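Just my_file.tsv here, TSV, C-alpha atoms and all ligand atoms:
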chain	number	residue	atom	x	y	z
A	204	MET	CA	56.78	-16.25	-26.33
A	205	PHE	CA	56.71	-13.27	-23.97
A	206	LYS	CA	56.09	-10.89	-26.89
A	207	ASN	CA	53.35	-13.14	-28.06
A	208	ARG	CA	51.65	-12.86	-24.70
A	209	ILE	CA	51.75	-9.08	-24.83
A	210	LEU	CA	50.40	-9.12	-28.36
A	211	GLN	CA	47.69	-11.50	-27.34
A	212	SER	CA	46.56	-9.44	-24.38
A	213	THR	CA	46.80	-6.22	-26.41
A	214	LEU	CA	44.64	-7.79	-29.07
A	215	PHE	CA	42.25	-9.02	-26.41
A	216	ILE	CA	41.94	-5.62	-24.76
A	217	THR	CA	41.56	-3.86	-28.12
A	218	GLY	CA	38.90	-6.39	-28.96
A	219	LEU	CA	37.07	-5.63	-25.73
A	220	ILE	CA	37.19	-1.89	-26.39
A	221	VAL	CA	35.90	-2.31	-29.94
A	222	LEU	CA	33.15	-4.62	-28.74
A	223	GLY	CA	32.24	-2.21	-25.99
A	224	ALA	CA	32.12	0.72	-28.39
A	225	LEU	CA	30.05	-1.29	-30.85
A	226	PHE	CA	27.70	-2.29	-28.07
A	227	GLY	CA	27.38	1.34	-26.97
A	228	VAL	CA	26.64	2.50	-30.51
A	229	PHE	CA	24.26	-0.35	-31.03
A	230	THR	CA	22.26	0.23	-27.85
A	231	SER	CA	21.99	4.00	-28.34
A	232	GLU	CA	20.95	3.43	-31.97
A	233	TYR	CA	18.53	0.83	-30.76
A	234	TYR	CA	16.98	3.19	-28.25
A	235	GLN	CA	16.93	6.11	-30.68
A	236	ARG	CA	15.32	4.17	-33.45
A	237	ASN	CA	12.98	2.11	-31.38
A	238	GLU	CA	9.46	3.50	-31.26
A	239	ASP	CA	8.46	1.10	-28.50
A	240	PRO	CA	11.30	-0.10	-26.24
A	241	GLU	CA	8.91	-2.60	-24.65
A	242	ILE	CA	9.26	-1.57	-21.05
A	243	ALA	CA	6.20	-2.67	-19.05
A	244	GLY	CA	3.82	0.23	-18.57
A	245	LEU	CA	5.79	2.75	-20.65
A	246	LEU	CA	3.52	5.03	-22.68
A	247	TRP	CA	5.78	5.47	-25.69
A	248	PRO	CA	5.90	7.05	-28.25
A	249	ASN	CA	2.90	9.05	-27.03
A	250	PRO	CA	3.28	10.13	-23.40
A	251	LYS	CA	0.44	12.37	-22.28
A	252	GLN	CA	1.34	16.03	-21.70
A	253	LEU	CA	-0.44	17.21	-18.55
A	254	ARG	CA	-2.25	20.56	-18.48
A	255	PRO	CA	-1.95	22.90	-15.50
A	256	PHE	CA	-3.86	21.71	-12.41
A	257	ALA	CA	-4.29	23.02	-8.88
A	258	THR	CA	-4.22	20.72	-5.85
A	259	ILE	CA	-3.34	21.63	-2.24
A	260	ASP	CA	-0.41	19.94	-0.52
A	261	GLN	CA	-0.07	18.80	3.11
A	262	ASP	CA	1.31	22.25	4.08
A	263	ARG	CA	-1.70	23.98	2.46
A	264	GLU	CA	0.42	25.27	-0.45
A	265	VAL	CA	-0.88	25.13	-4.01
A	266	PHE	CA	0.67	22.22	-5.88
A	267	GLY	CA	0.39	22.47	-9.66
A	268	LEU	CA	2.16	21.33	-12.78
A	269	ASP	CA	5.07	23.74	-12.13
A	270	ARG	CA	6.08	21.64	-9.13
A	271	MET	CA	6.48	18.60	-11.38
A	272	ARG	CA	8.75	20.23	-13.92
A	273	GLY	CA	12.42	19.28	-13.67
A	274	LYS	CA	11.67	16.27	-11.47
A	275	TRP	CA	10.41	12.75	-11.78
A	276	SER	CA	7.13	12.18	-9.94
A	277	LEU	CA	5.68	8.87	-8.77
A	278	LEU	CA	2.01	9.19	-7.85
A	279	PHE	CA	-0.35	6.90	-5.97
A	280	PHE	CA	-4.06	7.63	-5.50
A	281	GLY	CA	-5.89	6.42	-2.40
A	282	TYR	CA	-7.46	7.57	0.87
A	283	THR	CA	-6.18	7.64	4.42
A	284	HIS	CA	-9.13	5.67	5.88
A	285	CYS	CA	-7.87	2.71	3.84
A	286	PRO	CA	-6.02	0.42	6.27
A	287	ASP	CA	-4.83	-2.32	3.93
A	288	ILE	CA	-3.95	-1.66	0.26
A	289	CYS	CA	-2.92	2.00	0.74
A	290	PRO	CA	-0.45	1.52	3.62
A	291	LEU	CA	0.89	-1.55	1.83
A	292	THR	CA	1.58	0.49	-1.32
A	293	MET	CA	2.98	3.44	0.66
A	294	ALA	CA	5.36	1.11	2.53
A	295	THR	CA	6.45	-0.39	-0.80
A	296	LEU	CA	7.08	3.08	-2.23
A	297	ASN	CA	9.03	3.98	0.91
A	298	GLU	CA	11.22	0.90	0.65
A	299	PHE	CA	11.93	1.66	-3.01
A	300	TYR	CA	12.53	5.36	-2.30
A	301	ASP	CA	14.95	4.69	0.58
A	302	GLN	CA	17.09	2.53	-1.67
A	303	PHE	CA	16.86	4.97	-4.57
A	304	LYS	CA	17.92	7.88	-2.37
A	305	LYS	CA	20.98	5.96	-1.17
A	306	ASP	CA	22.04	5.26	-4.76
A	307	ASN	CA	21.26	8.73	-6.14
A	308	LEU	CA	22.92	11.61	-4.37
A	309	ASN	CA	21.29	13.99	-6.82
A	310	ASN	CA	17.72	13.17	-5.90
A	311	ASP	CA	15.44	14.05	-8.82
A	312	LEU	CA	12.41	12.03	-7.69
A	313	GLN	CA	9.34	12.97	-5.65
A	314	VAL	CA	6.80	10.48	-4.32
A	315	ILE	CA	3.26	11.82	-4.12
A	316	PHE	CA	0.14	10.45	-2.41
A	317	VAL	CA	-3.06	11.95	-3.80
A	318	THR	CA	-6.27	11.48	-1.84
A	319	VAL	CA	-9.42	10.78	-3.83
A	320	ASP	CA	-11.40	11.39	-0.62
A	321	PRO	CA	-10.49	15.02	0.18
A	322	GLN	CA	-13.69	15.54	2.16
A	323	ARG	CA	-12.27	13.41	5.00
A	324	ASP	CA	-8.58	13.81	4.19
A	325	THR	CA	-7.74	17.31	5.39
A	326	ALA	CA	-4.24	18.76	5.01
A	327	GLU	CA	-3.47	17.77	8.64
A	328	MET	CA	-4.56	14.18	7.99
A	329	LEU	CA	-2.49	14.05	4.81
A	330	LYS	CA	0.55	15.47	6.57
A	331	SER	CA	0.46	12.96	9.38
A	332	TYR	CA	-0.26	10.17	6.89
A	333	VAL	CA	2.52	10.76	4.35
A	334	GLU	CA	5.11	11.74	6.95
A	335	TYR	CA	4.48	8.51	8.83
A	336	PHE	CA	5.86	6.67	5.80
A	337	ASN	CA	8.54	9.16	4.73
A	338	THR	CA	9.10	12.82	5.61
A	339	ASP	CA	10.08	13.47	1.95
A	340	PHE	CA	6.72	12.29	0.64
A	341	ILE	CA	4.14	14.78	-0.58
A	342	GLY	CA	0.40	14.53	0.14
A	343	LEU	CA	-2.09	16.20	-2.18
A	344	GLY	CA	-5.74	17.05	-1.63
A	345	GLY	CA	-7.88	20.18	-1.68
A	346	ASN	CA	-11.53	20.07	-2.62
A	347	GLN	CA	-12.97	17.46	-4.96
A	348	LEU	CA	-12.71	19.82	-7.95
A	349	GLN	CA	-9.05	20.51	-7.22
A	350	VAL	CA	-8.29	16.81	-6.84
A	351	ASP	CA	-10.18	16.08	-10.04
A	352	SER	CA	-8.11	18.69	-11.92
A	353	LEU	CA	-5.36	16.06	-11.65
A	354	THR	CA	-7.24	12.73	-11.59
A	355	ARG	CA	-9.26	13.50	-14.75
A	356	GLN	CA	-6.11	14.08	-16.79
A	357	LEU	CA	-4.50	10.86	-15.62
A	358	GLY	CA	-7.68	8.85	-16.11
A	359	ILE	CA	-7.83	7.86	-12.42
A	360	ALA	CA	-11.04	6.03	-11.64
A	361	TYR	CA	-12.44	6.03	-8.12
A	362	MET	CA	-15.78	5.51	-6.45
A	363	LEU	CA	-17.09	6.65	-3.07
A	364	TYR	CA	-19.66	4.29	-1.54
A	365	GLU	CA	-22.72	5.26	0.52
A	366	GLN	CA	-22.19	6.23	4.14
A	367	ASP	CA	-23.06	3.70	6.83
A	368	GLU	CA	-24.81	4.58	10.11
A	369	ARG	CA	-21.52	5.78	11.62
A	370	GLY	CA	-20.87	8.10	8.67
A	371	ASP	CA	-18.05	5.89	7.38
A	372	TYR	CA	-17.81	4.85	3.77
A	373	LEU	CA	-15.55	2.77	1.59
A	374	VAL	CA	-13.73	3.95	-1.52
A	375	ASP	CA	-12.60	2.02	-4.58
A	376	HIS	CA	-9.56	3.52	-6.25
A	377	SER	CA	-6.86	2.83	-8.80
A	378	ALA	CA	-4.18	0.41	-7.61
A	379	SER	CA	-1.56	1.63	-10.11
A	380	VAL	CA	1.44	3.89	-9.58
A	381	PHE	CA	1.83	6.68	-12.17
A	382	LEU	CA	5.13	8.09	-13.40
A	383	VAL	CA	5.30	11.70	-14.64
A	384	ASP	CA	8.52	12.79	-16.37
A	385	PRO	CA	10.41	16.08	-15.77
A	386	GLU	CA	8.52	17.67	-18.67
A	387	GLY	CA	5.18	17.03	-17.00
A	388	ARG	CA	4.17	14.13	-19.21
A	389	LEU	CA	2.53	10.93	-18.01
A	390	LEU	CA	5.25	8.55	-19.14
A	391	ALA	CA	4.36	5.24	-17.49
A	392	VAL	CA	1.77	3.40	-15.43
A	393	PHE	CA	2.96	0.62	-13.10
A	394	GLN	CA	0.26	-1.94	-12.39
A	395	ALA	CA	-0.29	-3.70	-9.07
A	396	PRO	CA	0.97	-5.78	-7.38
A	397	HIS	CA	3.94	-3.56	-6.60
A	398	THR	CA	7.27	-4.54	-5.10
A	399	PRO	CA	10.17	-2.19	-4.28
A	400	ALA	CA	12.33	-4.11	-6.77
A	401	THR	CA	9.96	-3.91	-9.73
A	402	ILE	CA	9.33	-0.19	-9.19
A	403	HIS	CA	13.09	0.38	-8.85
A	404	ASP	CA	14.10	-1.58	-11.95
A	405	THR	CA	11.31	-0.28	-14.15
A	406	PHE	CA	11.87	3.32	-13.11
A	407	LEU	CA	15.63	3.18	-13.79
A	408	GLU	CA	15.06	1.50	-17.13
A	409	ILE	CA	12.56	4.20	-18.13
A	410	ARG	CA	14.82	7.01	-16.90
A	411	ASP	CA	17.72	5.59	-18.97
A	412	PHE	CA	15.46	5.36	-21.98
A	413	TYR	CA	14.24	8.92	-21.42
A	414	ASN	CA	17.82	10.21	-21.15
A	415	SER	CA	18.78	8.40	-24.36
A	416	GLN	CA	16.04	10.28	-26.19
A	417	SER	CA	17.31	13.78	-25.40
B	283	MET	CA	-28.81	-14.95	54.08
B	284	SER	CA	-25.82	-16.97	55.17
B	285	ARG	CA	-22.28	-15.80	54.52
B	286	LEU	CA	-21.73	-18.74	52.24
B	287	ALA	CA	-24.65	-17.72	50.04
B	288	LEU	CA	-23.26	-14.16	49.86
B	289	ILE	CA	-20.07	-15.58	48.45
B	290	MET	CA	-21.66	-18.27	46.33
B	291	ILE	CA	-24.24	-16.17	44.50
B	292	PRO	CA	-21.80	-13.71	42.85
B	293	LEU	CA	-19.48	-16.60	42.12
B	294	MET	CA	-22.23	-18.54	40.39
B	295	VAL	CA	-23.33	-15.47	38.45
B	296	SER	CA	-19.82	-14.80	37.24
B	297	LEU	CA	-19.38	-18.43	36.23
B	298	TYR	CA	-22.62	-18.24	34.32
B	299	LEU	CA	-21.52	-15.08	32.48
B	300	ALA	CA	-18.05	-16.37	31.69
B	301	PRO	CA	-17.60	-17.43	28.08
B	302	VAL	CA	-18.34	-21.07	27.43
B	303	GLN	CA	-15.34	-22.27	25.50
B	304	ALA	CA	-15.57	-25.99	25.98
B	305	GLY	CA	-15.56	-27.83	22.68
B	306	ASP	CA	-14.18	-25.02	20.53
B	307	THR	CA	-10.94	-25.84	18.79
B	308	ILE	CA	-10.15	-22.38	17.48
B	309	SER	CA	-6.72	-20.78	17.67
B	310	LEU	CA	-6.41	-17.03	17.19
B	311	ASN	CA	-2.94	-15.75	16.33
B	312	ILE	CA	-3.72	-12.11	15.54
B	313	HIS	CA	-1.94	-8.76	15.63
B	314	ILE	CA	-2.85	-5.24	14.63
B	315	ALA	CA	-0.73	-3.36	12.09
B	316	GLU	CA	0.50	-0.02	13.34
B	317	ALA	CA	-0.85	2.88	11.28
B	318	PRO	CA	-0.25	6.65	11.09
B	319	PRO	CA	-1.32	8.34	14.36
B	320	THR	CA	-4.38	9.98	12.78
B	321	ALA	CA	-5.61	6.75	11.17
B	322	ARG	CA	-9.37	6.26	11.51
B	323	ALA	CA	-9.13	2.60	10.50
B	324	LEU	CA	-6.53	-0.08	11.25
B	325	ALA	CA	-6.06	-3.61	9.97
B	326	GLY	CA	-5.73	-6.86	11.92
B	327	TYR	CA	-3.79	-9.76	10.43
B	328	GLY	CA	-2.71	-13.24	11.46
B	329	VAL	CA	-3.86	-16.84	11.32
B	330	ILE	CA	-7.04	-18.42	12.61
B	331	GLY	CA	-6.84	-22.18	13.01
B	332	ASN	CA	-9.46	-24.86	13.57
B	333	THR	CA	-8.09	-28.19	14.75
B	334	GLY	CA	-11.48	-29.72	15.50
B	335	ASP	CA	-13.80	-31.86	13.40
B	336	GLN	CA	-16.52	-29.18	13.26
B	337	ASP	CA	-16.46	-26.05	11.11
B	338	ILE	CA	-16.21	-22.83	13.09
B	339	THR	CA	-17.93	-19.62	12.04
B	340	ILE	CA	-17.01	-16.21	13.41
B	341	GLU	CA	-20.06	-13.99	13.46
B	342	SER	CA	-18.71	-10.77	14.93
B	343	VAL	CA	-15.66	-9.17	16.51
B	344	HIS	CA	-15.68	-6.41	19.13
B	345	SER	CA	-13.20	-4.38	21.10
B	346	SER	CA	-13.53	-1.70	23.77
B	347	LEU	CA	-10.83	0.27	21.92
B	348	PHE	CA	-12.70	0.52	18.59
B	349	GLU	CA	-16.16	1.74	17.68
B	350	ALA	CA	-16.63	-1.15	15.32
B	351	ILE	CA	-14.80	-4.12	13.83
B	352	GLU	CA	-15.67	-5.69	10.50
B	353	ILE	CA	-14.18	-8.57	8.56
B	354	HIS	CA	-13.09	-7.38	5.13
B	355	GLU	CA	-11.54	-8.66	1.97
B	356	SER	CA	-9.37	-6.45	-0.25
B	357	ILE	CA	-9.83	-7.00	-3.94
B	358	VAL	CA	-7.81	-5.65	-6.85
B	359	ARG	CA	-9.60	-6.17	-10.15
B	360	ASP	CA	-9.05	-4.37	-13.46
B	361	ASP	CA	-6.65	-2.05	-11.64
B	362	MET	CA	-9.32	-1.03	-9.10
B	363	ALA	CA	-8.58	-1.66	-5.43
B	364	GLY	CA	-11.39	-1.93	-2.94
B	365	MET	CA	-12.65	-3.64	0.21
B	366	ARG	CA	-15.78	-5.71	0.69
B	367	PRO	CA	-17.23	-6.66	4.08
B	368	ILE	CA	-17.56	-10.39	4.78
B	369	ASP	CA	-20.65	-11.15	6.89
B	370	GLU	CA	-19.23	-14.19	8.62
B	371	LEU	CA	-16.00	-16.07	8.41
B	372	THR	CA	-16.05	-19.87	8.39
B	373	ILE	CA	-12.94	-21.86	9.19
B	374	PRO	CA	-13.52	-25.43	7.95
B	375	SER	CA	-12.49	-28.19	10.33
B	376	GLY	CA	-8.80	-29.00	10.25
B	377	THR	CA	-7.81	-25.87	8.33
B	378	GLU	CA	-6.12	-22.53	8.89
B	379	LEU	CA	-7.25	-19.23	7.49
B	380	ALA	CA	-4.81	-16.39	6.89
B	381	LEU	CA	-5.64	-12.73	7.37
B	382	GLU	CA	-2.99	-10.88	5.40
B	383	PRO	CA	-2.18	-7.56	3.68
B	384	GLY	CA	-3.98	-7.31	0.36
B	385	GLY	CA	-6.44	-10.06	1.33
B	386	ARG	CA	-8.81	-10.80	4.19
B	387	HIS	CA	-8.30	-8.66	7.28
B	388	LEU	CA	-9.99	-7.36	10.39
B	389	MET	CA	-11.06	-3.79	9.72
B	390	LEU	CA	-10.79	-1.97	13.05
B	391	ILE	CA	-12.79	1.24	12.75
B	392	ARG	CA	-12.45	4.46	14.74
B	393	PRO	CA	-9.98	3.75	17.51
B	394	VAL	CA	-11.03	5.50	20.75
B	395	GLN	CA	-7.39	6.52	21.29
B	396	PRO	CA	-4.27	6.63	19.08
B	397	LEU	CA	-2.46	3.28	19.06
B	398	SER	CA	1.17	2.56	18.38
B	399	GLU	CA	3.63	-0.32	18.39
B	400	GLY	CA	3.50	-2.39	21.56
B	401	ASP	CA	-0.01	-1.33	22.65
B	402	GLN	CA	-2.32	-4.12	23.80
B	403	VAL	CA	-5.82	-4.42	22.41
B	404	PRO	CA	-8.58	-6.68	23.77
B	405	LEU	CA	-10.58	-8.48	21.10
B	406	GLU	CA	-13.77	-10.48	21.49
B	407	PHE	CA	-14.72	-13.03	18.84
B	408	THR	CA	-18.33	-14.20	18.87
B	409	LEU	CA	-18.92	-17.53	17.15
B	410	LYS	CA	-22.10	-18.71	15.48
B	411	ASN	CA	-22.48	-21.39	18.17
B	412	GLY	CA	-22.78	-18.60	20.73
B	413	ASN	CA	-19.35	-19.04	22.26
B	414	VAL	CA	-17.19	-16.00	22.86
B	415	HIS	CA	-13.40	-15.97	22.74
B	416	ARG	CA	-11.57	-13.09	24.37
B	417	ILE	CA	-7.93	-12.47	23.50
B	418	THR	CA	-5.46	-9.63	23.85
B	419	VAL	CA	-3.43	-8.75	20.78
B	420	VAL	CA	-0.50	-6.42	20.27
B	421	VAL	CA	0.06	-3.56	17.81
B	422	LYS	CA	3.06	-4.27	15.58
B	423	LYS	CA	4.96	-2.49	12.82
B	424	PRO	CA	3.76	-3.94	9.51
B	425	ASP	CA	5.88	-6.74	8.13
B	426	HIS	CA	5.50	-6.37	4.40
B	427	ASP	CA	7.77	-9.26	3.51
B	428	HIS	CA	4.94	-11.63	4.25
B	429	SER	CA	2.30	-9.84	2.24
B	430	ARG	CA	0.36	-11.33	-0.64
B	431	GLN	CA	2.19	-8.94	-2.96
B	432	HIS	CA	5.28	-11.08	-2.57
B	433	HIS	CA	3.58	-14.44	-2.60
B	434	HIS	CA	1.61	-13.73	-5.76
B	435	PRO	CA	3.75	-11.55	-8.00
C	1	CU	CU	-10.92	-3.13	5.23

Output the file's structure as structure tokens, nothing else.
Ligand SMILES: [Cu+2]
Amino acid sequence: MFKNRILQSTLFITGLIVLGALFGVFTSEYYQRNEDPEIAGLLWPNPKQLRPFATIDQDREVFGLDRMRGKWSLLFFGYTHCPDICPLTMATLNEFYDQFKKDNLNNDLQVIFVTVDPQRDTAEMLKSYVEYFNTDFIGLGGNQLQVDSLTRQLGIAYMLYEQDERGDYLVDHSASVFLVDPEGRLLAVFQAPHTPATIHDTFLEIRDFYNSQS
Amino acid sequence: MSRLALIMIPLMVSLYLAPVQAGDTISLNIHIAEAPPTARALAGYGVIGNTGDQDITIESVHSSLFEAIEIHESIVRDDMAGMRPIDELTIPSGTELALEPGGRHLMLIRPVQPLSEGDQVPLEFTLKNGNVHRITVVVKKPDHDHSRQHHHP
């Protein structure tokens, strides 16, 4: 009876190990063989390799493709005169990022706000804007040509409206969040509406998939 | 001129200038979302209620602390986000209208001084019927749990 119990539990544990191993083999095979793992927004099997670009960050340093290599980058495109959608998205990114940073001691992610209205959004404005949400966040601008050296490649659409009598104008801009992988490839586009949880889950799923490919 | 007249005339003038609020059944539960210190535009959110049997239309909003205030609606369509001004805002009788992140909001343009959490801001709502409602609202940290992004995933 006692021996039987030991045999039973040994069999059970062995069974679990075999199942686990099979599952591991199966999932890695699945990922390796799957051309399209069906993660929302993932651009696979053809992520877009970015070419060098030159924007200016909130500390007036040049920010180009080299500063994306070796890191994951989450980008959002907006303008600081936007009081509703942009702060809402920045706060969502901050909530996601705070949680992510707690769970990942080896932080390999940078969150980047890119202005599509660099005429009004100077480096000082960008600095105060991004740091209000999170002091780790990066703000990118420059002149319109420099900004466009990045937006064109990512297919970011935006539109500046006519100025009113005060000199103010509205801007339409992409509502999506863009994920660039550590090789500088546009790997995913997350569509609005955004929540900290969906960004978190989708990003981790994509990062796992990415790691399974190398 | 008698002393009484000296007192009465300014009193009558001030009564005449005071907003006529009789008959309006509007409730204004509004706050301003705190924004980065260099922000040139802030958003006002909250709930506007109309408990009466007449529709109420807000024609304009003013404040001494902003160069201009507009009523806006944020729209996200085909992945493009933008804002459109709303000329006037009608609150049908017996209804409430929400101003919320990602939807309709007060667009408070060019603050005359930086504003942060706890600051008080006077607002003046002018209705189509000519009545004016003056309220003081507070600047609050944004509460994103109650945004449209969560209600309409
Ligand atoms: Cu607006």

Please produce, as CSV, a per-residue contact table for chain A versus ligand CU 1 (chain C) (criterion: any atom at most 8 Å away, all atoms listed in the file considered), showing the nearest atom pair and its distance in Å to one decimal, sorted by chain then residue number.
residue,atom,partner,partner_atom,distance
A:Cys285,CA,C:CU1,CU,6.7
A:Pro286,CA,C:CU1,CU,6.1
A:Asp287,CA,C:CU1,CU,6.3

* What are the residues of chain A that have an atom within 9 Å of an atom of chain B, counting all atoms listed in the file, as number ranges by chain? -> A: 283-288, 290-291, 294-295, 327-328, 331-336, 360-361, 371, 373-379, 394-398

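Taking CA of Phe381 in chain A and CA of Lys304 in chain A as the two end points, the separation is 18.9 Å.
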
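The space between CA of Arg272 in chain A and CA of Asn309 in chain A spans 15.7 Å.
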
Just give me the residues with any atom within 7 Å of (-0.2, 7.0, -21.8), file coordinates, counting only C-alpha atoms, written as a short mmCIF file (atom, residue, chain, number, x, y, z; two decimals) with C-alpha atoms, in the coordinates of the input.
data_model
loop_
_atom_site.label_atom_id
_atom_site.label_comp_id
_atom_site.auth_asym_id
_atom_site.auth_seq_id
_atom_site.Cartn_x
_atom_site.Cartn_y
_atom_site.Cartn_z
CA LEU A 246 3.52 5.03 -22.68
CA ASN A 249 2.90 9.05 -27.03
CA PRO A 250 3.28 10.13 -23.40
CA LYS A 251 0.44 12.37 -22.28
CA LEU A 389 2.53 10.93 -18.01
CA LEU A 390 5.25 8.55 -19.14
CA ALA A 391 4.36 5.24 -17.49
#

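The spacing separating CA of Ala400 in chain A from CA of Thr338 in chain A amounts to 21.2 Å.
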
For range 341-344 of chain B, I'd like the enclosing box, axis-aligned and padded by 4 Å on every side, reported as lines of an AutoDock Vina configuration file with centre and edge lengths in Å to one decimal.
center_x = -17.9
center_y = -10.2
center_z = 16.3
size_x = 12.4
size_y = 15.6
size_z = 13.7

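Of the listed residues A:Leu407, A:Ile242, A:Ala257, A:Met271, the one whose atoms come nearest to Glu386 in chain A is A:Met271, with distances taken using only C-alpha atoms.
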
* To do: Compare B:Gly400, B:Gly334, B:Pro374, B:Gly412 by their minimum atom-to-atom distance to Asp306 in chain B, counting all atoms listed in the file, and give me the closest one.
  => B:Gly334

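Between Thr408 in chain B and the candidates B:Ser342, B:Ile330, B:Leu310, B:Gln336, the tightest atom-to-atom separation, counting all atoms listed in the file, involves B:Ser342.
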
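Excluding Thr307 in chain B itself and same-chain residues fewer than 6 positions from it, the residues having an atom within 12 Å of it are Ile330, Gly331, Asn332, Thr333, Gly334, Asp335, Gln336, Asp337, Ile338, Thr339, Ile373, Pro374, Ser375, Gly376, Thr377, Glu378, Leu409, Asn413 and His415 of chain B, counting only C-alpha atoms.
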
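Among the candidates A:Thr318, A:Gln261, A:Ser276, A:Asn297, the one nearest to Gly387 in chain A when counting all atoms listed in the file is A:Ser276.
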